[in-house]
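In what follows, a structure is listed as structure tokens, so that the remarks can point back to it.
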Amino acid sequence: MVPVTFVLFGATGDLAKRKIYPALYNLFVDGKLPEAFSLIGLGRREWTDEFFQSNVEQSLRQFSRREIQDHGKMESFVRKFRYTALEIGRTDDYKKLLQVIEERESELQLPPNRLFYLSVGPEYFTTIASNIAESGLGSADGWKRLVIEKPFGHDLQSARDLNEQLSKSFAEDEIYRIDHYLGKPMVQNLEVLEQANPIIQALWSNRYIANVQITASETVGVEERAGYYDHVGAVRDMFQNHMLQMLMMLAIHLPHNSSPEDVRKHKKQVMEALVPLSKSDVSASVIRGQYTSGSMGGNPVKGYRSEPGIAAASMNDTYIAAKLQVDDFFWRGVPFYIRTGKRLKEKSTRIVVEFKEALNQPSTAALGGAPNLLLIDINPNEGIMLQLNTKENGELKPVQIQLHESSKDIPEAYENLIFDALTGNPTFFAHWDEVELAWSWVQPILDAFRDNSVPLHSYEAGSNGPAEADALLAADGYHWWFDS
Ligand code: BG6
């Protein structure tokens, strides 16, 4: 693997502790970090290298998916870490940083390949990117990459502005936009499921598929993120990014041996084929919800408007369900139902593909059976299940066949994504075209929510969401599968 310097902005922050250090450590243990590797952590606080290293060590003990048994191994990992204090807006600090990086590069004989990981609030992205470019940090003989995390903008216009600013300092192929759902093993599997299985490939179109249901339900509420969440809602927090990415990954039809460019080209085509909504259509296809008080696991929980930091009359969406249509050769006429929300009954991310009934035959339901279903469990369980009908005592009976269950010891999303960023594989990162098309599709919903031209339905904490989301499917003769 190509040697590299990992420059981490926000090294003292929560994401670094919970996700980034454990991911890097697990890559190290699996032999997936380059032999020559240097990490420079950056933060506002004045920390020594030793203090930084002991902090990293602590976070590994607390958050690594593997127990730390080999102390020597962990020591040799954290010894690769250095710390430098930096004020994001102070240009002199970037010159100092350049020196630190160059010293380490010459000490370890590293080529000047530099990956800049921005684990900081989005309001700092453009300042950091332009300071990197102007200080010469990124103009060395090796490569440079910028890794950023959502949110990429607040709406279509702000996303375009952000992108325009970033593109002054980094080319599109140097920007790695993390959508952590694209790092989830079962989401990565979607591409293979259809491509590598002729029997699924043969069925993967409007000829045999009746509808597709994509659910990401969460049990948590707003947690300590009121300041962020009350301005964002489920539509920006989950729908514009994670949910639409899952739709793209499910709906693409890829050629064999497809390259990262093919994957992105086909995802873009799916987004381009999405039938746009106008602001006045929103209420017919989109359900907006907000949780009220209820009970979770036997414990009473507050309603959204009583959560600390939330405005008493907040109209923010903590739930969204929508019906989408992909108007292309494969999917024309197949509704995609998507929903996500907080404080729902269970934590579950899954995709259900419901197949059509056979032609010219009585419906399976009338005979005691049920439609054929393919269930793709993404999180927290991972697996694939197929529902078929068999005959028992003269009656049809649906049987569920577990096709695949992942082992528990699999890499986390961040391990996959950081490895790909280090090796320069952009397949599972969001390209600007996808991000822009997703914002364009969502913009009329944002406008309708802002103007309150769609109702805000309440749902009890601990339920499966507002009843109106059931009615959305019922109007087409369907229902959500696997609601507990
Ligand atoms: C994040 C959202 O992107 O995804 C959170 O900001 C949400 O609000 C989280 O809880 C869900 O991720 P996961 O991997 O737990 O499904």
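Ordering of the structure tokens sets the chain letters (A, B, ...), residue numbers begin anew at 1 in every chain, and ligands are numbered from 1 in the order given.
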May I have the residues within 12 Å of Phe428 in chain A as an MDAnalysis selection string, using only C-alpha atoms and disregarding those fewer than 6 positions away in the same chain? chainID A and resid 176:185 187:191 245:246 248:249 259:264 267 413:414 416:421 434
Same residues, N, CA, C and O atoms, output as a compact mmCIF listing (two decimals), in the first residue's frame:
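The resulting file, out_21.txt, is shown below:
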# COMPACT_ATOMS: atom_id res chain seq x y z
N TYR A 176 -13.52 13.19 -1.16
CA TYR A 176 -14.18 11.95 -0.74
C TYR A 176 -15.27 12.32 0.27
O TYR A 176 -14.98 12.63 1.42
N ARG A 177 -16.53 12.32 -0.21
CA ARG A 177 -17.66 12.70 0.67
C ARG A 177 -18.21 11.44 1.34
O ARG A 177 -18.75 10.57 0.65
N ILE A 178 -18.07 11.41 2.65
CA ILE A 178 -18.53 10.22 3.37
C ILE A 178 -20.04 10.27 3.58
O ILE A 178 -20.59 11.27 4.05
N ASP A 179 -20.71 9.19 3.17
CA ASP A 179 -22.07 8.93 3.61
C ASP A 179 -21.93 7.57 4.26
O ASP A 179 -21.72 6.56 3.58
N HIS A 180 -21.97 7.51 5.59
CA HIS A 180 -21.53 6.28 6.24
C HIS A 180 -22.41 5.08 5.89
O HIS A 180 -21.99 3.94 6.01
N TYR A 181 -23.63 5.33 5.36
CA TYR A 181 -24.46 4.20 4.92
C TYR A 181 -23.81 3.47 3.75
O TYR A 181 -23.99 2.26 3.60
N LEU A 182 -23.05 4.21 2.94
CA LEU A 182 -22.38 3.55 1.81
C LEU A 182 -21.21 2.67 2.27
O LEU A 182 -20.67 1.89 1.49
N GLY A 183 -20.84 2.82 3.54
CA GLY A 183 -19.78 1.97 4.07
C GLY A 183 -20.34 0.71 4.72
O GLY A 183 -19.59 -0.20 5.07
N LYS A 184 -21.65 0.65 4.90
CA LYS A 184 -22.23 -0.53 5.57
C LYS A 184 -22.12 -1.74 4.64
O LYS A 184 -22.50 -1.66 3.47
N PRO A 185 -21.61 -2.85 5.18
CA PRO A 185 -21.37 -4.02 4.32
C PRO A 185 -22.59 -4.44 3.50
O PRO A 185 -22.46 -4.76 2.32
N VAL A 187 -25.04 -2.60 2.42
CA VAL A 187 -25.32 -1.63 1.35
C VAL A 187 -24.32 -1.86 0.21
O VAL A 187 -24.67 -1.84 -0.97
N GLN A 188 -23.07 -2.15 0.59
CA GLN A 188 -22.08 -2.45 -0.44
C GLN A 188 -22.44 -3.74 -1.18
O GLN A 188 -22.11 -3.92 -2.35
N ASN A 189 -23.12 -4.62 -0.49
CA ASN A 189 -23.52 -5.90 -1.07
C ASN A 189 -24.62 -5.76 -2.12
O ASN A 189 -24.80 -6.65 -2.95
N LEU A 190 -25.38 -4.66 -2.06
CA LEU A 190 -26.52 -4.51 -2.96
C LEU A 190 -26.09 -4.59 -4.42
O LEU A 190 -26.75 -5.19 -5.26
N GLU A 191 -24.95 -3.98 -4.66
CA GLU A 191 -24.40 -3.94 -6.01
C GLU A 191 -24.14 -5.37 -6.51
O GLU A 191 -24.49 -5.73 -7.63
N GLN A 245 -29.30 7.38 -1.05
CA GLN A 245 -28.15 6.54 -1.45
C GLN A 245 -28.56 5.07 -1.48
O GLN A 245 -28.15 4.33 -2.38
N MET A 246 -29.37 4.64 -0.51
CA MET A 246 -29.80 3.23 -0.54
C MET A 246 -30.68 2.97 -1.75
O MET A 246 -30.57 1.93 -2.39
N MET A 248 -30.49 4.49 -4.63
CA MET A 248 -29.59 4.41 -5.81
C MET A 248 -28.91 3.06 -5.88
O MET A 248 -28.85 2.42 -6.93
N MET A 249 -28.40 2.60 -4.73
CA MET A 249 -27.66 1.34 -4.72
C MET A 249 -28.57 0.16 -5.07
O MET A 249 -28.12 -0.81 -5.66
N SER A 259 -16.45 -0.26 -13.16
CA SER A 259 -15.44 0.56 -12.49
C SER A 259 -16.16 1.51 -11.52
O SER A 259 -17.39 1.65 -11.58
N PRO A 260 -15.40 2.18 -10.64
CA PRO A 260 -16.03 3.18 -9.77
C PRO A 260 -16.80 4.21 -10.60
O PRO A 260 -17.87 4.66 -10.19
N GLU A 261 -16.27 4.55 -11.75
CA GLU A 261 -16.95 5.55 -12.60
C GLU A 261 -18.30 5.00 -13.08
O GLU A 261 -19.28 5.72 -13.15
N ASP A 262 -18.33 3.68 -13.41
CA ASP A 262 -19.60 3.09 -13.85
C ASP A 262 -20.63 3.18 -12.73
O ASP A 262 -21.79 3.51 -12.96
N VAL A 263 -20.18 2.84 -11.51
CA VAL A 263 -21.12 2.85 -10.38
C VAL A 263 -21.71 4.25 -10.24
O VAL A 263 -22.93 4.44 -10.14
N ARG A 264 -20.84 5.25 -10.28
CA ARG A 264 -21.32 6.62 -10.11
C ARG A 264 -22.19 7.07 -11.27
O ARG A 264 -23.19 7.76 -11.08
N LYS A 267 -25.56 5.42 -10.76
CA LYS A 267 -26.30 6.03 -9.66
C LYS A 267 -26.88 7.37 -10.09
O LYS A 267 -28.02 7.72 -9.79
N ALA A 413 -18.52 0.37 9.01
CA ALA A 413 -18.58 1.28 7.86
C ALA A 413 -17.31 2.14 7.75
O ALA A 413 -16.72 2.27 6.67
N TYR A 414 -16.87 2.69 8.87
CA TYR A 414 -15.72 3.61 8.80
C TYR A 414 -14.43 2.90 8.40
O TYR A 414 -13.56 3.49 7.78
N ASN A 416 -14.24 0.37 6.26
CA ASN A 416 -14.33 0.23 4.80
C ASN A 416 -14.02 1.55 4.11
O ASN A 416 -13.29 1.61 3.14
N LEU A 417 -14.63 2.61 4.63
CA LEU A 417 -14.53 3.90 3.94
C LEU A 417 -13.13 4.50 4.07
O LEU A 417 -12.59 5.04 3.11
N ILE A 418 -12.54 4.39 5.26
CA ILE A 418 -11.20 4.96 5.43
C ILE A 418 -10.20 4.18 4.58
O ILE A 418 -9.33 4.76 3.93
N PHE A 419 -10.36 2.87 4.53
CA PHE A 419 -9.48 2.06 3.68
C PHE A 419 -9.59 2.52 2.22
O PHE A 419 -8.60 2.71 1.53
N ASP A 420 -10.82 2.70 1.76
CA ASP A 420 -11.02 3.13 0.37
C ASP A 420 -10.43 4.51 0.11
O ASP A 420 -9.87 4.75 -0.96
N ALA A 421 -10.57 5.41 1.08
CA ALA A 421 -10.01 6.75 0.88
C ALA A 421 -8.49 6.68 0.83
O ALA A 421 -7.84 7.37 0.03
N GLU A 434 -24.39 13.30 -7.54
CA GLU A 434 -25.46 12.62 -6.78
C GLU A 434 -25.99 13.55 -5.69
O GLU A 434 -27.20 13.63 -5.45
Cut-off 10 Å, only C-alpha atoms and all ligand atoms, neighbours of ligand 1 as a compact mmCIF listing (two decimals) with N, CA and C atoms, in the first residue's frame:
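Printed below is result_23.txt as written:
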# COMPACT_ATOMS: atom_id res chain seq x y z
N GLU A 149 -17.55 14.92 5.76
CA GLU A 149 -18.77 14.19 6.16
C GLU A 149 -19.98 15.08 5.96
N LYS A 150 -21.14 14.50 5.73
CA LYS A 150 -22.35 15.28 5.66
C LYS A 150 -22.55 16.10 6.94
N PRO A 151 -23.30 17.17 6.98
CA PRO A 151 -24.13 17.68 5.88
C PRO A 151 -23.33 18.45 4.83
N ILE A 178 -18.07 11.41 2.65
CA ILE A 178 -18.53 10.22 3.37
C ILE A 178 -20.04 10.27 3.58
N ASP A 179 -20.71 9.19 3.17
CA ASP A 179 -22.07 8.93 3.61
C ASP A 179 -21.93 7.57 4.26
N HIS A 180 -21.97 7.51 5.59
CA HIS A 180 -21.53 6.28 6.24
C HIS A 180 -22.41 5.08 5.89
N TYR A 181 -23.63 5.33 5.36
CA TYR A 181 -24.46 4.20 4.92
C TYR A 181 -23.81 3.47 3.75
N GLY A 183 -20.84 2.82 3.54
CA GLY A 183 -19.78 1.97 4.07
C GLY A 183 -20.34 0.71 4.72
N LYS A 184 -21.65 0.65 4.90
CA LYS A 184 -22.23 -0.53 5.57
C LYS A 184 -22.12 -1.74 4.64
N ALA A 216 -35.51 3.10 7.52
CA ALA A 216 -34.45 3.25 8.54
C ALA A 216 -35.14 3.81 9.77
N SER A 217 -35.47 2.93 10.70
CA SER A 217 -36.16 3.41 11.90
C SER A 217 -35.16 3.41 13.05
N GLU A 218 -35.29 4.43 13.87
CA GLU A 218 -34.39 4.57 15.01
C GLU A 218 -35.20 4.66 16.30
N THR A 219 -34.62 4.15 17.38
CA THR A 219 -35.31 4.26 18.67
C THR A 219 -34.89 5.54 19.39
N VAL A 220 -33.70 6.05 19.06
CA VAL A 220 -33.24 7.24 19.77
C VAL A 220 -34.10 8.44 19.39
N GLY A 221 -34.12 9.44 20.28
CA GLY A 221 -34.79 10.70 19.97
C GLY A 221 -33.77 11.70 19.48
N VAL A 222 -33.98 12.95 19.85
CA VAL A 222 -33.09 14.00 19.34
C VAL A 222 -31.74 13.99 20.09
N GLU A 223 -31.65 13.29 21.20
CA GLU A 223 -30.45 13.21 22.04
C GLU A 223 -29.96 14.61 22.42
N ARG A 225 -28.65 16.75 20.50
CA ARG A 225 -28.34 17.48 19.26
C ARG A 225 -29.45 18.45 18.86
N TYR A 228 -28.74 21.30 16.39
CA TYR A 228 -28.57 20.87 14.99
C TYR A 228 -29.89 20.35 14.43
N TYR A 229 -30.49 19.42 15.15
CA TYR A 229 -31.59 18.64 14.57
C TYR A 229 -32.84 19.48 14.33
N VAL A 232 -32.85 20.89 10.99
CA VAL A 232 -32.49 19.97 9.92
C VAL A 232 -33.63 19.00 9.63
N GLY A 233 -34.08 18.33 10.68
CA GLY A 233 -35.18 17.37 10.53
C GLY A 233 -34.74 16.11 9.82
N ALA A 234 -35.67 15.15 9.81
CA ALA A 234 -35.36 13.84 9.20
C ALA A 234 -35.07 13.97 7.71
N ARG A 236 -33.41 16.29 6.01
CA ARG A 236 -32.02 16.62 5.69
C ARG A 236 -31.05 15.65 6.37
N ASP A 237 -31.42 15.23 7.58
CA ASP A 237 -30.49 14.41 8.38
C ASP A 237 -30.33 13.00 7.80
N MET A 238 -31.38 12.44 7.27
CA MET A 238 -31.34 11.03 6.83
C MET A 238 -31.80 10.84 5.38
N PHE A 239 -32.85 11.57 5.00
CA PHE A 239 -33.51 11.25 3.74
C PHE A 239 -32.69 11.69 2.53
N ASN A 241 -29.70 12.10 2.10
CA ASN A 241 -28.41 11.42 1.91
C ASN A 241 -28.56 9.90 2.04
N HIS A 242 -28.64 9.40 3.28
CA HIS A 242 -28.62 7.94 3.47
C HIS A 242 -29.73 7.21 2.71
N THR A 318 -39.52 14.80 12.55
CA THR A 318 -38.67 13.76 13.11
C THR A 318 -38.93 12.45 12.36
N THR A 340 -38.16 7.10 7.27
CA THR A 340 -37.16 7.13 8.33
C THR A 340 -37.67 8.01 9.46
N GLY A 341 -37.32 7.66 10.68
CA GLY A 341 -37.78 8.50 11.78
C GLY A 341 -37.09 8.14 13.09
N LYS A 342 -37.22 9.05 14.04
CA LYS A 342 -36.68 8.86 15.39
C LYS A 342 -37.80 8.40 16.32
N LYS A 347 -34.91 -0.30 16.26
CA LYS A 347 -33.79 0.16 15.45
C LYS A 347 -33.63 -0.84 14.32
N SER A 348 -33.90 -0.39 13.12
CA SER A 348 -33.80 -1.34 12.01
C SER A 348 -33.64 -0.60 10.69
N THR A 349 -32.66 -0.99 9.93
CA THR A 349 -32.53 -0.49 8.56
C THR A 349 -32.68 -1.69 7.64
N ILE A 378 -30.06 -4.56 6.87
CA ILE A 378 -28.80 -3.81 6.78
C ILE A 378 -28.20 -3.55 8.15
N ASN A 379 -29.07 -3.30 9.12
CA ASN A 379 -28.58 -2.86 10.41
C ASN A 379 -29.71 -2.93 11.44
N PRO A 380 -29.50 -3.36 12.66
CA PRO A 380 -28.28 -3.91 13.25
C PRO A 380 -28.05 -5.38 12.83
N GLU A 412 -16.47 -2.34 10.35
CA GLU A 412 -17.50 -1.31 10.44
C GLU A 412 -17.41 -0.39 9.23
N ALA A 413 -18.52 0.37 9.01
CA ALA A 413 -18.58 1.28 7.86
C ALA A 413 -17.31 2.14 7.75
My list of candidates is A:Leu344, A:Arg305, A:Arg350, A:His266. Which is closest to Thr427 in chain A when distances are computed with only C-alpha atoms?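 Looking at the shortest contact to Thr427 in chain A, the residue is A:His266.
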Hey, which of A:Met296, A:Ala311, A:Leu115, A:Ala202 ends up closest to Asn464 in chain A? Count only C-alpha atoms.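 The answer is A:Met296, which sits nearest to Asn464 in chain A.
Put simply, CA of Phe170 in chain A is 15.5 Å away from CA of Phe429 in chain A.
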